[in-house]
file input_11.txt (compact mmCIF, C-alpha atoms)
# COMPACT_ATOMS: atom_id res chain seq x y z
CA MET D 13 53.82 5.62 49.48
CA GLU D 14 54.89 7.68 46.48
CA GLN D 15 52.72 10.70 45.88
CA PHE D 16 50.47 10.34 42.84
CA VAL D 17 50.57 13.15 40.31
CA VAL D 18 47.53 13.37 38.04
CA SER D 19 48.22 13.08 34.32
CA ALA D 20 46.92 16.61 33.65
CA ARG D 21 49.84 17.95 35.73
CA LYS D 22 52.44 15.30 34.94
CA TYR D 23 52.06 15.69 31.18
CA ARG D 24 51.39 19.43 31.05
CA PRO D 25 53.22 20.82 27.98
CA GLN D 26 56.43 22.72 28.69
CA THR D 27 57.07 23.96 25.15
CA PHE D 28 54.93 25.15 22.26
CA GLU D 29 55.79 21.96 20.33
CA GLN D 30 54.09 19.87 23.01
CA VAL D 31 50.80 21.81 22.93
CA VAL D 32 47.96 19.58 21.71
CA GLY D 33 45.30 20.74 19.27
CA GLN D 34 46.20 24.46 19.26
CA GLY D 35 48.91 24.49 16.62
CA HIS D 36 47.68 27.72 15.03
CA ILE D 37 48.06 29.61 18.31
CA ALA D 38 51.28 27.91 19.39
CA LEU D 39 52.97 28.77 16.08
CA THR D 40 51.75 32.38 16.19
CA LEU D 41 53.05 32.90 19.72
CA GLU D 42 56.36 31.18 18.97
CA ASN D 43 56.94 33.38 15.92
CA ALA D 44 55.97 36.50 17.88
CA VAL D 45 58.63 35.71 20.50
CA LYS D 46 61.32 35.00 17.89
CA SER D 47 60.55 38.20 15.97
CA GLU D 48 60.20 40.21 19.21
CA LYS D 49 56.68 41.31 18.28
CA VAL D 50 54.84 40.17 21.40
CA ALA D 51 51.85 42.36 22.26
CA GLN D 52 51.86 43.87 25.75
CA ALA D 53 48.25 42.83 26.37
CA MET D 54 46.80 39.53 25.16
CA LEU D 55 43.53 37.75 25.80
CA PHE D 56 43.33 33.95 25.60
CA CYS D 57 39.70 32.86 25.37
CA GLY D 58 38.04 29.52 24.79
CA PRO D 59 36.42 26.51 26.49
CA ARG D 60 37.81 24.97 29.67
CA GLY D 61 40.67 22.53 29.52
CA VAL D 62 41.97 23.39 26.05
CA GLY D 63 45.35 24.92 27.00
CA LYS D 64 44.83 28.64 27.71
CA THR D 65 46.74 28.81 31.00
CA THR D 66 49.32 26.31 29.74
CA CYS D 67 50.08 28.45 26.67
CA ALA D 68 50.20 31.56 28.88
CA ARG D 69 52.85 29.95 31.11
CA ILE D 70 54.88 28.70 28.15
CA LEU D 71 54.72 32.14 26.53
CA ALA D 72 55.79 33.83 29.78
CA ARG D 73 58.83 31.54 30.05
CA GLU D 74 59.76 31.95 26.39
CA ILE D 75 59.56 35.75 26.59
CA ASN D 76 62.00 35.76 29.50
CA ARG D 77 64.24 33.07 27.98
CA HIS D 78 64.51 35.11 24.79
CA SER D 79 65.49 38.21 26.77
CA MET D 80 67.93 36.24 28.98
CA PRO D 81 69.82 33.89 26.61
CA ASP D 82 72.42 33.07 29.28
CA ALA D 83 69.83 31.56 31.64
CA ALA D 84 69.96 27.86 32.47
CA PRO D 85 67.94 25.61 30.11
CA ASP D 86 65.67 24.43 32.93
CA GLU D 87 65.09 27.94 34.34
CA ASP D 88 61.37 28.57 34.97
CA PHE D 89 61.74 32.37 35.48
CA ALA D 90 59.35 32.25 38.42
CA PHE D 91 60.80 35.53 39.70
CA ASN D 92 59.51 37.32 36.56
CA ILE D 93 56.10 35.61 36.22
CA TYR D 94 53.13 36.57 38.35
CA GLU D 95 49.83 34.67 38.32
CA LEU D 96 46.59 36.10 39.66
CA ASP D 97 43.33 34.18 39.99
CA ALA D 98 40.64 36.76 39.24
CA ALA D 99 37.94 34.43 40.59
CA SER D 100 39.18 35.02 44.15
CA ASN D 101 40.96 38.37 43.64
CA ASN D 102 38.31 40.36 41.79
CA SER D 103 38.00 43.58 43.79
CA VAL D 104 39.23 47.08 43.00
CA ASP D 105 41.79 46.82 45.81
CA ASP D 106 43.28 43.65 44.29
CA ILE D 107 43.72 45.36 40.91
CA ARG D 108 45.12 48.51 42.48
CA ALA D 109 47.70 46.42 44.33
CA LEU D 110 48.60 44.81 41.01
CA THR D 111 48.95 48.13 39.17
CA GLU D 112 51.15 49.46 41.97
CA GLN D 113 53.43 46.45 41.61
CA VAL D 114 53.57 46.82 37.82
CA ARG D 115 55.36 50.16 38.09
CA PHE D 116 58.58 48.53 39.33
CA ALA D 117 60.99 47.10 36.76
CA PRO D 118 62.22 43.49 37.18
CA GLN D 119 65.44 42.95 39.11
CA ASN D 120 66.55 40.29 36.63
CA GLY D 121 65.75 40.13 32.95
CA LYS D 122 63.81 42.46 30.73
CA TYR D 123 60.13 41.62 31.31
CA LYS D 124 57.63 40.96 34.06
CA VAL D 125 54.73 38.84 32.79
CA TYR D 126 51.36 38.95 34.54
CA ILE D 127 48.94 36.08 33.93
CA ILE D 128 45.39 36.85 35.07
CA ASP D 129 43.22 33.73 34.95
CA GLU D 130 39.39 33.76 34.83
CA VAL D 131 39.58 37.48 34.10
CA HIS D 132 35.84 37.70 33.39
CA MET D 133 35.29 37.37 37.16
CA LEU D 134 36.65 40.87 37.78
CA SER D 135 34.04 43.37 38.90
CA THR D 136 33.16 46.29 36.62
CA ALA D 137 34.95 48.66 38.99
CA ALA D 138 38.06 46.44 38.91
CA PHE D 139 37.99 46.38 35.10
CA ASN D 140 37.79 50.17 35.02
CA ALA D 141 40.67 50.46 37.48
CA PHE D 142 42.71 48.23 35.16
CA LEU D 143 41.98 50.13 31.93
CA LYS D 144 44.70 52.77 32.06
CA THR D 145 47.45 50.30 32.96
CA LEU D 146 46.33 47.91 30.22
CA GLU D 147 46.25 50.69 27.61
CA GLU D 148 49.65 52.16 28.48
CA PRO D 149 51.64 49.52 30.36
CA PRO D 150 55.28 50.11 31.31
CA ALA D 151 57.77 48.83 28.73
CA HIS D 152 58.77 45.98 31.03
CA ALA D 153 55.22 44.67 31.64
CA ILE D 154 53.27 42.13 29.58
CA PHE D 155 49.72 41.06 30.48
CA ILE D 156 48.18 37.72 29.50
CA LEU D 157 44.49 37.45 30.35
CA ALA D 158 42.64 34.13 30.18
CA THR D 159 38.90 33.54 30.20
CA THR D 160 36.23 30.98 29.34
CA GLU D 161 33.57 33.68 28.94
CA LYS D 162 34.74 36.35 26.55
CA HIS D 163 31.28 37.94 26.32
CA LYS D 164 31.48 39.01 29.98
CA ILE D 165 34.54 41.18 29.43
CA LEU D 166 34.04 44.90 28.87
CA PRO D 167 34.47 46.03 25.23
CA THR D 168 36.95 48.65 26.46
CA ILE D 169 39.17 45.81 27.73
CA LEU D 170 38.77 43.76 24.56
CA SER D 171 39.80 46.69 22.38
CA ARG D 172 43.09 46.96 24.25
CA CYS D 173 44.06 43.29 23.85
CA GLN D 174 45.36 41.06 21.10
CA ILE D 175 42.76 38.27 21.15
CA PHE D 176 43.53 34.56 20.66
CA ASP D 177 40.55 32.21 20.29
CA PHE D 178 41.28 28.67 21.48
CA ARG D 179 39.18 25.90 19.97
CA LEU D 180 37.91 22.58 21.24
CA ILE D 181 40.44 19.81 20.70
CA THR D 182 39.42 17.16 18.18
CA VAL D 183 38.67 13.60 19.26
CA GLU D 184 41.54 12.30 17.15
CA ASP D 185 44.09 14.70 18.71
CA ILE D 186 42.97 13.70 22.20
CA ARG D 187 43.08 9.99 21.31
CA ARG D 188 46.63 10.28 19.96
CA HIS D 189 47.76 12.12 23.10
CA LEU D 190 46.17 9.48 25.32
CA GLU D 191 47.90 6.82 23.24
CA TYR D 192 51.26 8.47 23.92
CA ILE D 193 50.56 8.70 27.68
CA ALA D 194 49.38 5.08 27.86
CA ALA D 195 52.57 3.92 26.12
CA ASP D 196 54.68 6.03 28.48
CA GLN D 197 52.95 4.46 31.50
CA GLY D 198 53.08 0.90 30.18
CA VAL D 199 49.30 0.68 29.83
CA GLU D 200 47.91 -1.55 27.06
CA ALA D 201 44.94 0.33 25.62
CA GLU D 202 42.67 -0.51 22.73
CA SER D 203 42.25 2.30 20.23
CA GLU D 204 38.47 2.11 20.64
CA ALA D 205 38.81 2.43 24.43
CA LEU D 206 40.85 5.63 24.10
CA HIS D 207 38.40 6.89 21.51
CA ILE D 208 35.53 6.48 24.01
CA ILE D 209 37.48 8.52 26.57
CA ALA D 210 38.23 11.22 23.97
CA GLN D 211 34.57 11.45 23.00
CA LYS D 212 33.48 11.64 26.62
CA ALA D 213 35.82 14.62 27.19
CA GLU D 214 33.93 16.69 24.57
CA GLY D 215 36.97 18.61 23.36
CA ALA D 216 38.60 19.32 26.75
CA LEU D 217 42.00 17.63 27.06
CA ARG D 218 42.17 18.20 30.83
CA ASP D 219 38.85 16.38 31.23
CA ALA D 220 40.16 13.55 29.04
CA LEU D 221 43.23 13.13 31.23
CA SER D 222 41.11 13.12 34.38
CA ILE D 223 38.83 10.46 32.86
CA TYR D 224 41.88 8.46 31.77
CA ASP D 225 43.27 8.43 35.32
CA ARG D 226 39.93 7.24 36.68
CA VAL D 227 39.64 4.49 34.07
CA VAL D 228 43.19 3.24 34.72
CA SER D 229 42.43 3.11 38.45
CA PHE D 230 39.46 0.84 37.69
CA CYS D 231 40.80 -1.25 34.81
CA GLY D 232 44.49 -1.47 35.69
CA LYS D 233 47.13 -1.82 32.98
CA SER D 234 44.76 -3.11 30.31
CA LEU D 235 42.07 -0.86 28.84
CA THR D 236 39.45 -2.55 26.69
CA ALA D 237 36.51 -0.81 25.05
CA SER D 238 33.94 -2.79 27.04
CA ARG D 239 35.62 -2.11 30.39
CA VAL D 240 36.03 1.59 29.64
CA ALA D 241 32.39 1.85 28.54
CA GLU D 242 31.35 0.12 31.78
CA THR D 243 33.47 2.49 33.88
CA LEU D 244 32.17 5.62 32.17
CA ASN D 245 28.59 4.35 32.02
CA VAL D 246 28.38 4.76 28.26
CA LEU D 247 27.11 2.36 25.60
CA ASP D 248 29.76 1.01 23.25
CA TYR D 249 29.54 0.83 19.47
CA ASN D 250 28.49 -2.85 19.51
CA THR D 251 25.29 -1.95 21.34
CA TYR D 252 24.16 0.44 18.62
CA PHE D 253 25.28 -1.81 15.74
CA THR D 254 23.21 -4.64 17.25
CA MET D 255 20.23 -2.37 17.88
CA MET D 256 20.41 -1.14 14.31
CA GLU D 257 20.43 -4.73 13.02
CA HIS D 258 17.21 -5.39 14.94
CA VAL D 259 15.65 -2.21 13.52
CA MET D 260 16.66 -3.05 9.94
CA ASN D 261 15.34 -6.60 10.33
CA ALA D 262 12.08 -5.29 11.84
CA ASP D 263 12.81 -7.64 14.76
CA ILE D 264 10.69 -5.91 17.39
CA PRO D 265 10.89 -8.68 20.05
CA SER D 266 14.71 -8.62 20.02
CA LEU D 267 14.65 -4.81 20.03
CA MET D 268 12.39 -4.75 23.11
CA LEU D 269 14.54 -7.30 24.93
CA GLN D 270 17.72 -5.34 24.15
CA LEU D 271 16.16 -2.11 25.42
CA ASP D 272 15.04 -3.86 28.61
CA GLY D 273 18.59 -5.08 29.22
CA ILE D 274 20.02 -1.60 28.67
CA LEU D 275 17.52 0.02 31.03
CA ALA D 276 18.09 -2.72 33.64
CA ALA D 277 21.81 -1.87 33.53
CA GLY D 278 20.94 1.66 34.67
CA TYR D 279 21.09 3.62 31.43
CA ASP D 280 18.58 6.36 30.70
CA ALA D 281 16.23 5.81 27.75
CA GLN D 282 16.81 9.37 26.55
CA TYR D 283 20.52 8.61 26.31
CA VAL D 284 19.74 5.48 24.25
CA LEU D 285 17.58 7.44 21.79
CA GLY D 286 20.20 10.16 21.41
CA GLY D 287 22.93 7.58 20.82
CA LEU D 288 20.83 5.78 18.21
CA ALA D 289 20.19 9.07 16.40
CA SER D 290 23.94 9.72 16.30
CA HIS D 291 24.52 6.19 15.02
CA ILE D 292 22.04 6.65 12.15
CA ARG D 293 23.63 9.99 11.30
CA ASP D 294 27.03 8.27 11.12
CA LEU D 295 25.57 5.58 8.86
CA LEU D 296 24.30 8.24 6.46
CA VAL D 297 27.73 9.88 6.49
CA ALA D 298 29.35 6.50 5.79
CA ARG D 299 27.18 5.90 2.70
CA ASP D 300 29.31 8.22 0.56
CA SER D 301 33.10 7.89 0.31
CA ARG D 302 33.39 11.69 0.18
CA THR D 303 31.85 12.13 3.62
CA THR D 304 33.48 9.24 5.48
CA VAL D 305 36.16 11.69 6.63
CA LEU D 306 33.48 13.15 8.90
CA LEU D 307 33.42 9.93 10.94
CA THR D 308 35.52 10.51 14.05
CA VAL D 309 35.84 6.82 14.94
CA PRO D 310 38.69 4.26 14.88
CA ASP D 311 39.42 2.69 11.48
CA ASP D 312 37.98 -0.74 12.36
CA ILE D 313 34.73 0.86 13.56
CA LYS D 314 34.62 3.02 10.44
CA GLN D 315 34.66 -0.12 8.29
CA ARG D 316 31.70 -1.49 10.27
CA TYR D 317 29.80 1.74 9.64
CA ILE D 318 30.55 1.57 5.91
CA SER D 319 29.41 -2.05 5.79
CA GLN D 320 26.14 -1.47 7.64
CA ALA D 321 25.44 1.72 5.70
CA GLN D 322 25.17 -0.22 2.44
CA SER D 323 21.85 -1.68 3.61
CA ILE D 324 20.34 1.65 4.68
CA ASP D 325 17.63 3.34 2.64
CA TYR D 326 18.46 7.07 2.62
CA ALA D 327 14.90 8.43 2.64
CA ASN D 328 13.72 6.11 5.41
CA ALA D 329 16.85 6.85 7.45
CA THR D 330 16.13 10.57 7.38
CA ASP D 331 12.55 9.78 8.46
CA ALA D 332 14.05 7.79 11.34
CA LEU D 333 16.11 10.79 12.43
CA THR D 334 13.01 12.98 12.33
CA LEU D 335 11.13 10.46 14.46
CA LEU D 336 13.97 10.23 17.00
CA SER D 337 14.24 14.02 17.19
CA SER D 338 10.52 14.45 17.85
CA THR D 339 10.57 11.70 20.48
CA LEU D 340 13.52 13.33 22.26
CA ALA D 341 11.62 16.64 22.22
CA GLU D 342 8.62 14.96 23.88
CA TYR D 343 10.69 12.90 26.32
CA ARG D 344 10.86 15.23 29.33
CA ALA D 345 7.13 16.03 29.25
CA SER D 346 6.11 12.37 28.92
CA LYS D 347 4.54 10.67 31.96
CA ASN D 348 5.60 7.22 30.74
CA GLN D 349 9.05 7.66 29.23
CA ARG D 350 9.72 3.97 28.78
CA LEU D 351 6.52 3.48 26.81
CA LEU D 352 7.37 6.51 24.66
CA THR D 353 10.79 4.99 23.94
CA GLU D 354 9.36 1.58 23.10
CA ILE D 355 6.79 3.09 20.72
CA CYS D 356 9.56 5.06 19.01
CA LEU D 357 11.68 1.93 18.50
CA MET D 358 8.71 -0.05 17.17
CA ARG D 359 7.94 2.73 14.69
CA LEU D 360 11.60 2.76 13.65
CA ALA D 361 11.45 -0.98 12.96
CA SER D 362 8.37 -0.42 10.79
CA LEU D 363 10.00 2.22 8.59
CA GLY D 364 11.81 -0.32 6.43
CA LEU D 365 15.32 1.07 6.80
CA ASP D 366 16.56 -1.97 4.91
CA PRO D 367 14.39 -2.21 1.76
CA SER D 368 15.49 -5.82 1.18
CA LYS D 369 13.76 -6.90 4.39
CA LYS D 370 10.04 -7.33 4.65
CA LYS D 371 8.37 -4.72 6.93
CA LEU D 372 6.81 -6.13 10.07
CA LEU D 373 4.40 -3.24 10.43
CA THR D 374 3.03 -0.66 8.04
CA THR D 375 3.67 3.06 8.61

call {"tool": "encode", "arguments": {"input": "input_11.txt", "output": "structure tokens"}}
result
Amino acid sequence: MEQFVVSARKYRPQTFEQVVGQGHIALTLENAVKSEKVAQAMLFCGPRGVGKTTCARILAREINRHSMPDAAPDEDFAFNIYELDAASNNSVDDIRALTEQVRFAPQNGKYKVYIIDEVHMLSTAAFNAFLKTLEEPPAHAIFILATTEKHKILPTILSRCQIFDFRLITVEDIRRHLEYIAADQGVEAESEALHIIAQKAEGALRDALSIYDRVVSFCGKSLTASRVAETLNVLDYNTYFTMMEHVMNADIPSLMLQLDGILAAGYDAQYVLGGLASHIRDLLVARDSRTTVLLTVPDDIKQRYISQAQSIDYANATDALTLLSSTLAEYRASKNQRLLTEICLMRLASLGLDPSKKKLLTT
């Protein structure tokens, strides 16, 4: 049986042009290499799974490739690149061993590049042992530090580094990348299905690729929004559009039956309330053509938001958001969470979100 390689490894970028969602950093680093103005100590910081280690490896290769133009195009320069995991090598002795090694010039090429991942895990003593080397490194040494927790790093270390702040990757960037991977693998995927995966990843591309692999294992070569939502245990857009129709029509019986079905399927009521609040927020955004750009949803779903938003009363919708927020705040302390949720939905239906419909209850 052929060994399976996860998408996060198989599609890991090998050049700056392939980096997803960090164009500002990729361009800066690429220009620094071309102009030979690469700092000798850099700190890559940001959330997990957004490309810090990937950019560090690309930069390390490009530095060596620029200094060794005669090298083969596929050369990875492994002999000049050293990676250290500070999570498991965080003692003073580990850093002292590193600083001893740094003193020796490379046998081939001009630079030795040291990538220290999870650098915030170093002990205070290890940081202090590293200070002098980081401040005055040998001409042949370049340090790239990576961390998810910049606030844990000593100010004396930060002041000696050129700092690059990586950002969360947008839903649209992740969706487009998943679209490319699906096409490469011969997987037919609905845009909405990939959008659900991208949202679930919460800005981390590595998480998105892991979720994608899991979904493909379950759904096979055809990814539909409903199947993906079922796999990830999330509610799709149709659920909230239907729920909102019941609220706007003050149709409490249908609303209660829909909630019962959702809870019977194993979803948490708190999750339902939070999703409904997000849906109402998106409806308010969709009311004005100037703010529709804030909707991070597929184009066909965006049109549904715009259509439903036309029937929403702005003042009552903001009251609905206030009600949902207060209910969510009370949720954990409630002894009967289902009853609290049902009362909230009944009060929502009585607000008169659609002024053209007759209110079932008075507020």

call {"tool": "closest_residue", "arguments": {"input": "input_11.txt", "among": "D:Val131, D:Ile313, D:Ala158, D:Ala361", "to": "Phe56 of chain D", "atoms": "all atoms listed in the file"}}
result
D:Ala158

call {"tool": "residues_around", "arguments": {"input": "input_11.txt", "residues": "segment 270-282 of chain D", "least_positions_apart": "6", "cutoff": "8 Å", "atoms": "all atoms listed in the file", "output": "list of chain:residue names"}}
result
D:Asn245, D:Met255, D:Leu340, D:Tyr343, D:Gln349, D:Arg350, D:Thr353

call {"tool": "residues_near_point", "arguments": {"input": "input_11.txt", "point": "(20.5, 2.2, 14.0)", "cutoff": "9 Å", "atoms": "all atoms listed in the file", "output": "short mmCIF file (atom, residue, chain, number, x, y, z; two decimals) with C-alpha atoms, keeping the file's coordinate frame"}}
result
data_model
loop_
_atom_site.label_atom_id
_atom_site.label_comp_id
_atom_site.auth_asym_id
_atom_site.auth_seq_id
_atom_site.Cartn_x
_atom_site.Cartn_y
_atom_site.Cartn_z
CA TYR D 252 24.16 0.44 18.62
CA PHE D 253 25.28 -1.81 15.74
CA THR D 254 23.21 -4.64 17.25
CA MET D 255 20.23 -2.37 17.88
CA MET D 256 20.41 -1.14 14.31
CA GLU D 257 20.43 -4.73 13.02
CA HIS D 258 17.21 -5.39 14.94
CA VAL D 259 15.65 -2.21 13.52
CA MET D 260 16.66 -3.05 9.94
CA LEU D 288 20.83 5.78 18.21
CA ALA D 289 20.19 9.07 16.40
CA SER D 290 23.94 9.72 16.30
CA HIS D 291 24.52 6.19 15.02
CA ILE D 292 22.04 6.65 12.15
CA ARG D 293 23.63 9.99 11.30
CA LEU D 295 25.57 5.58 8.86
CA ALA D 329 16.85 6.85 7.45
CA ALA D 332 14.05 7.79 11.34
CA LEU D 360 11.60 2.76 13.65
CA LEU D 365 15.32 1.07 6.80
#

call {"tool": "closest_residue", "arguments": {"input": "input_11.txt", "among": "D:Met54, D:Leu352, D:Ile127, D:Leu267", "to": "Glu147 of chain D", "atoms": "all atoms listed in the file"}}
result
D:Met54

call {"tool": "atom_distance", "arguments": {"input": "input_11.txt", "atom1": "atom CA of Leu146 of chain D", "atom2": "atom CA of Ile37 of chain D"}}
result
21.9 Å

call {"tool": "closest_residue", "arguments": {"input": "input_11.txt", "among": "D:Ala341, D:Leu269, D:Ala210, D:Ala53", "to": "Ala151 of chain D", "atoms": "only C-alpha atoms"}}
result
D:Ala53

call {"tool": "closest_residue", "arguments": {"input": "input_11.txt", "among": "D:Ser266, D:Phe116, D:Leu55, D:Arg218", "to": "Ile169 of chain D", "atoms": "all atoms listed in the file"}}
result
D:Leu55

call {"tool": "closest_residue", "arguments": {"input": "input_11.txt", "among": "D:Ser79, D:Gln174, D:Asn140, D:Thr65", "to": "Thr160 of chain D", "atoms": "all atoms listed in the file"}}
result
D:Thr65

call {"tool": "residues_around", "arguments": {"input": "input_11.txt", "residues": "segment 175-181 of chain D", "least_positions_apart": "6", "cutoff": "7 Å", "atoms": "all atoms listed in the file", "output": "list in words"}}
result
Gly33, Gln34, Met54, Leu55, Phe56, Cys57, Gly58, Pro59, Val62, Gly215, Ala216 and Leu217 of chain D

call {"tool": "atom_distance", "arguments": {"input": "input_11.txt", "atom1": "atom CA of Glu29 of chain D", "atom2": "atom CA of Leu190 of chain D"}}
result
16.5 Å

call {"tool": "residues_around", "arguments": {"input": "input_11.txt", "residues": "Phe16 of chain D", "least_positions_apart": "5", "cutoff": "12 Å", "atoms": "only C-alpha atoms", "output": "NGL selection string"}}
result
:D and (21-22 or 225 or 229)

call {"tool": "atom_distance", "arguments": {"input": "input_11.txt", "atom1": "atom CA of Thr27 of chain D", "atom2": "atom CA of Glu130 of chain D"}}
result
22.4 Å
